[in-house]
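Novice: Sending over structure21.cif (mmCIF, C-alpha atoms).
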data_start
loop_
_atom_site.label_atom_id
_atom_site.label_comp_id
_atom_site.auth_asym_id
_atom_site.auth_seq_id
_atom_site.Cartn_x
_atom_site.Cartn_y
_atom_site.Cartn_z
CA MET A 1 -15.35 -165.65 59.43
CA GLN A 2 -13.50 -163.13 61.58
CA LEU A 3 -10.83 -164.23 63.99
CA ILE A 4 -12.89 -163.13 67.00
CA GLU A 5 -15.88 -165.17 65.80
CA GLN A 6 -13.69 -168.19 65.08
CA THR A 7 -12.19 -168.01 68.56
CA LYS A 8 -15.63 -167.75 70.21
CA HIS A 9 -16.80 -170.75 68.18
CA LEU A 10 -13.83 -172.82 69.37
CA ILE A 11 -14.52 -171.82 72.98
CA GLU A 12 -18.10 -173.04 72.51
CA GLU A 13 -16.73 -176.32 71.16
CA CYS A 14 -14.65 -176.74 74.33
CA ASP A 15 -17.84 -176.47 76.38
CA ALA A 16 -19.68 -178.79 73.98
CA SER A 17 -16.90 -181.37 74.27
CA ILE A 18 -17.27 -181.48 78.05
CA SER A 19 -21.04 -181.83 77.73
CA ARG A 20 -20.64 -184.58 75.14
CA PHE A 21 -18.14 -186.39 77.37
CA TYR A 22 -20.56 -186.49 80.31
CA ARG A 23 -23.51 -187.39 78.08
CA GLN A 24 -21.61 -190.36 76.62
CA ARG A 25 -20.83 -191.57 80.14
CA GLU A 26 -24.47 -191.23 81.22
CA LEU A 27 -25.75 -193.08 78.17
CA ASP A 28 -23.01 -195.69 78.43
CA ALA A 29 -22.95 -195.51 74.63
CA THR A 30 -20.30 -196.27 72.07
CA PRO A 31 -20.50 -193.97 69.06
CA HIS A 32 -20.20 -195.14 65.48
CA PHE A 33 -16.85 -193.79 64.36
CA PHE A 34 -17.64 -193.05 60.70
CA ASP A 35 -21.17 -191.74 61.32
CA GLU A 36 -20.59 -189.57 64.40
CA VAL A 37 -16.98 -189.11 65.43
CA LYS A 38 -15.12 -188.65 62.16
CA PRO A 39 -17.48 -186.10 60.54
CA HIS A 40 -17.46 -183.92 63.66
CA ALA A 41 -13.69 -184.24 64.15
CA ASP A 42 -13.07 -183.37 60.48
CA TYR A 43 -15.29 -180.30 60.75
CA ILE A 44 -13.51 -179.07 63.89
CA GLN A 45 -10.11 -179.80 62.36
CA SER A 46 -10.93 -177.65 59.32
CA LEU A 47 -11.98 -174.82 61.65
CA LEU A 48 -8.80 -175.25 63.67
CA ILE A 49 -6.56 -175.12 60.60
CA GLU A 50 -8.13 -171.87 59.41
CA TRP A 51 -8.10 -170.38 62.93
CA GLN A 52 -4.47 -171.40 63.47
CA GLN A 53 -3.34 -169.66 60.28
CA ASN A 54 -5.25 -166.50 61.16
CA ALA A 55 -4.13 -166.53 64.79
CA LEU A 56 -0.45 -167.03 63.95
CA SER A 57 -0.64 -164.23 61.42
CA TRP A 58 -2.28 -161.95 63.98
CA ILE A 59 0.38 -162.77 66.59
CA GLN A 60 3.19 -162.02 64.14
CA GLN A 61 1.63 -158.66 63.26
CA ASN A 62 0.60 -157.54 66.76
CA ARG A 63 3.14 -159.21 69.06
CA PRO A 64 0.98 -159.55 72.20
CA LYS A 65 3.08 -159.69 75.34
CA TYR A 66 1.85 -162.98 76.82
CA MET A 67 0.59 -164.90 73.80
CA HIS A 68 2.99 -166.89 71.64
CA GLU A 69 2.80 -169.06 68.55
CA ILE A 70 3.63 -172.22 70.50
CA GLN A 71 0.50 -171.72 72.62
CA ILE A 72 -1.63 -171.57 69.49
CA ASN A 73 -0.02 -174.71 68.06
CA ASN A 74 -0.40 -176.60 71.36
CA ALA A 75 -4.06 -175.57 71.65
CA VAL A 76 -4.77 -176.85 68.13
CA ASP A 77 -3.07 -180.19 68.81
CA ALA A 78 -4.85 -180.66 72.15
CA MET A 79 -8.24 -179.69 70.74
CA ASN A 80 -7.90 -182.13 67.85
CA GLN A 81 -7.36 -184.86 70.42
CA PHE A 82 -10.00 -184.01 73.00
CA VAL A 83 -12.77 -183.48 70.44
CA VAL A 84 -12.38 -187.13 69.44
CA GLN A 85 -11.90 -188.28 73.05
CA SER A 86 -15.12 -186.55 74.10
CA PHE A 87 -17.12 -189.22 72.24
CA TYR A 88 -15.70 -192.11 74.27
CA LYS A 89 -16.69 -193.00 77.83
CA GLU A 90 -13.36 -194.79 78.33
CA THR A 91 -11.47 -191.48 78.19
CA SER A 92 -9.62 -190.57 81.37
CA LYS A 93 -11.77 -187.91 83.03
CA LYS A 94 -8.98 -186.00 84.79
CA ARG A 95 -6.70 -185.74 81.78
CA PHE A 96 -9.59 -184.88 79.46
CA ILE A 97 -10.92 -182.09 81.69
CA GLN A 98 -7.44 -180.64 82.21
CA SER A 99 -6.82 -180.63 78.47
CA VAL A 100 -10.10 -178.88 77.72
CA GLN A 101 -9.54 -176.32 80.49
CA SER A 102 -6.05 -175.58 79.20
CA VAL A 103 -7.27 -174.94 75.66
CA HIS A 104 -10.24 -172.95 76.98
CA TYR A 105 -7.86 -170.71 78.93
CA THR A 106 -5.61 -170.17 75.91
CA LEU A 107 -8.58 -169.35 73.68
CA SER A 108 -10.10 -167.00 76.26
CA THR A 109 -6.80 -165.18 76.74
CA PHE A 110 -6.35 -164.88 72.99
CA LEU A 111 -9.93 -163.60 72.63
CA ARG A 112 -9.26 -160.96 75.27
CA TYR A 113 -6.20 -159.76 73.32
CA LEU A 114 -8.27 -159.62 70.13
CA GLU A 115 -11.08 -157.65 71.73
CA GLU A 116 -8.71 -155.24 73.46
CA SER A 117 -6.80 -154.54 70.27
CA ASP A 118 -9.85 -154.20 67.98
CA TYR A 119 -7.84 -156.01 65.32
CA GLY A 120 -10.15 -159.00 65.11
CA VAL A 121 -9.18 -159.51 61.45
#
Give the structure from this file in structure tokens form.
Specialist:
Amino acid sequence: MQLIEQTKHLIEECDASISRFYRQRELDATPHFFDEVKPHADYIQSLLIEWQQNALSWIQQNRPKYMHEIQINNAVDAMNQFVVQSFYKETSKKRFIQSVQSVHYTLSTFLRYLEESDYGV
């Protein structure tokens, strides 16, 4: 999977996490951890690990002016957390939304750099 496609997929997961968060609140449901939460979180984590390696490599090679390795690492950490939190209605709404928006912004900025450079590995 190319880096551009991986980044777009992660942006879609940000949107899906927000939708899931609101749906869980509407349904007033508690998910089964091993049947719902863990499989999805493991899948996203494997995508994030591969994306992180590719993104860090791309940053080292291309040196974009306003994108740094720490932003990639922080986005991965935050996304690992909010994907799991999106399943639980008890999650703090304000903090959750801010976390998702922050990662969404980082991913969108990174995607813009990739598309402008045409080096979407």
Novice: With distances taken over all atoms listed in the file, which residue among A:Arg112, A:Gln98, A:Gln85, A:Ser117 lies nearest Arg25 in chain A?
Specialist: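 Ranked by minimum distance to Arg25 in chain A, first place goes to A:Gln85.
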Novice: Using all atoms listed in the file, can you tell me which of A:Gln52, A:Gln2, A:Ser57, A:Thr30 comes closest to Leu107 in chain A?
Specialist: A:Gln52
Novice: What does the PyMOL selection byres ((chain A and resi 58) around 12) select in this file, as a list in words?
Specialist: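 That expression, the PyMOL selection byres ((chain A and resi 58) around 12), corresponds here to Gln2, Leu3, Ile4, Trp51, Gln52, Gln53, Asn54, Ala55, Leu56, Ser57, Ile59, Gln60, Gln61, Asn62, Arg63, Pro64, Met67, His68, Glu69, Ile72, Phe110, Leu111, Tyr113, Leu114, Ser117, Asp118, Tyr119, Gly120 and Val121 of chain A.
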Novice: Can you list what the PyMOL selection byres ((chain A and resi 13) around 12) grabs from this structure, as a PyMOL selection string?
Specialist: chain A and resi 6-12+14-21+40-41+43-45+47-48+79-80+82-84+86+100-101+103-104+107
Novice: Rounded to one decimal in Å, what is the spacing between CA of Pro31 in chain A and CA of Ile49 in chain A?
Specialist: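 Between these atoms lies a distance of 24.9 Å.
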Novice: A:Thr106, A:Thr91, A:Gln24, A:Ser99: which is nearest Ile70 in chain A, counting all atoms listed in the file?
Specialist: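 Smallest distance to Ile70 in chain A is found for A:Thr106.
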Novice: With only C-alpha atoms as the atoms that count, which of A:Phe96, A:Glu116, A:Ser108, A:Phe87 lies nearest to Glu36 in chain A?
Specialist: A:Phe87
Novice: What is the distance between CA of Asp42 in chain A and CA of Glu115 in chain A, in Å to one decimal?
Specialist: 28.1 Å
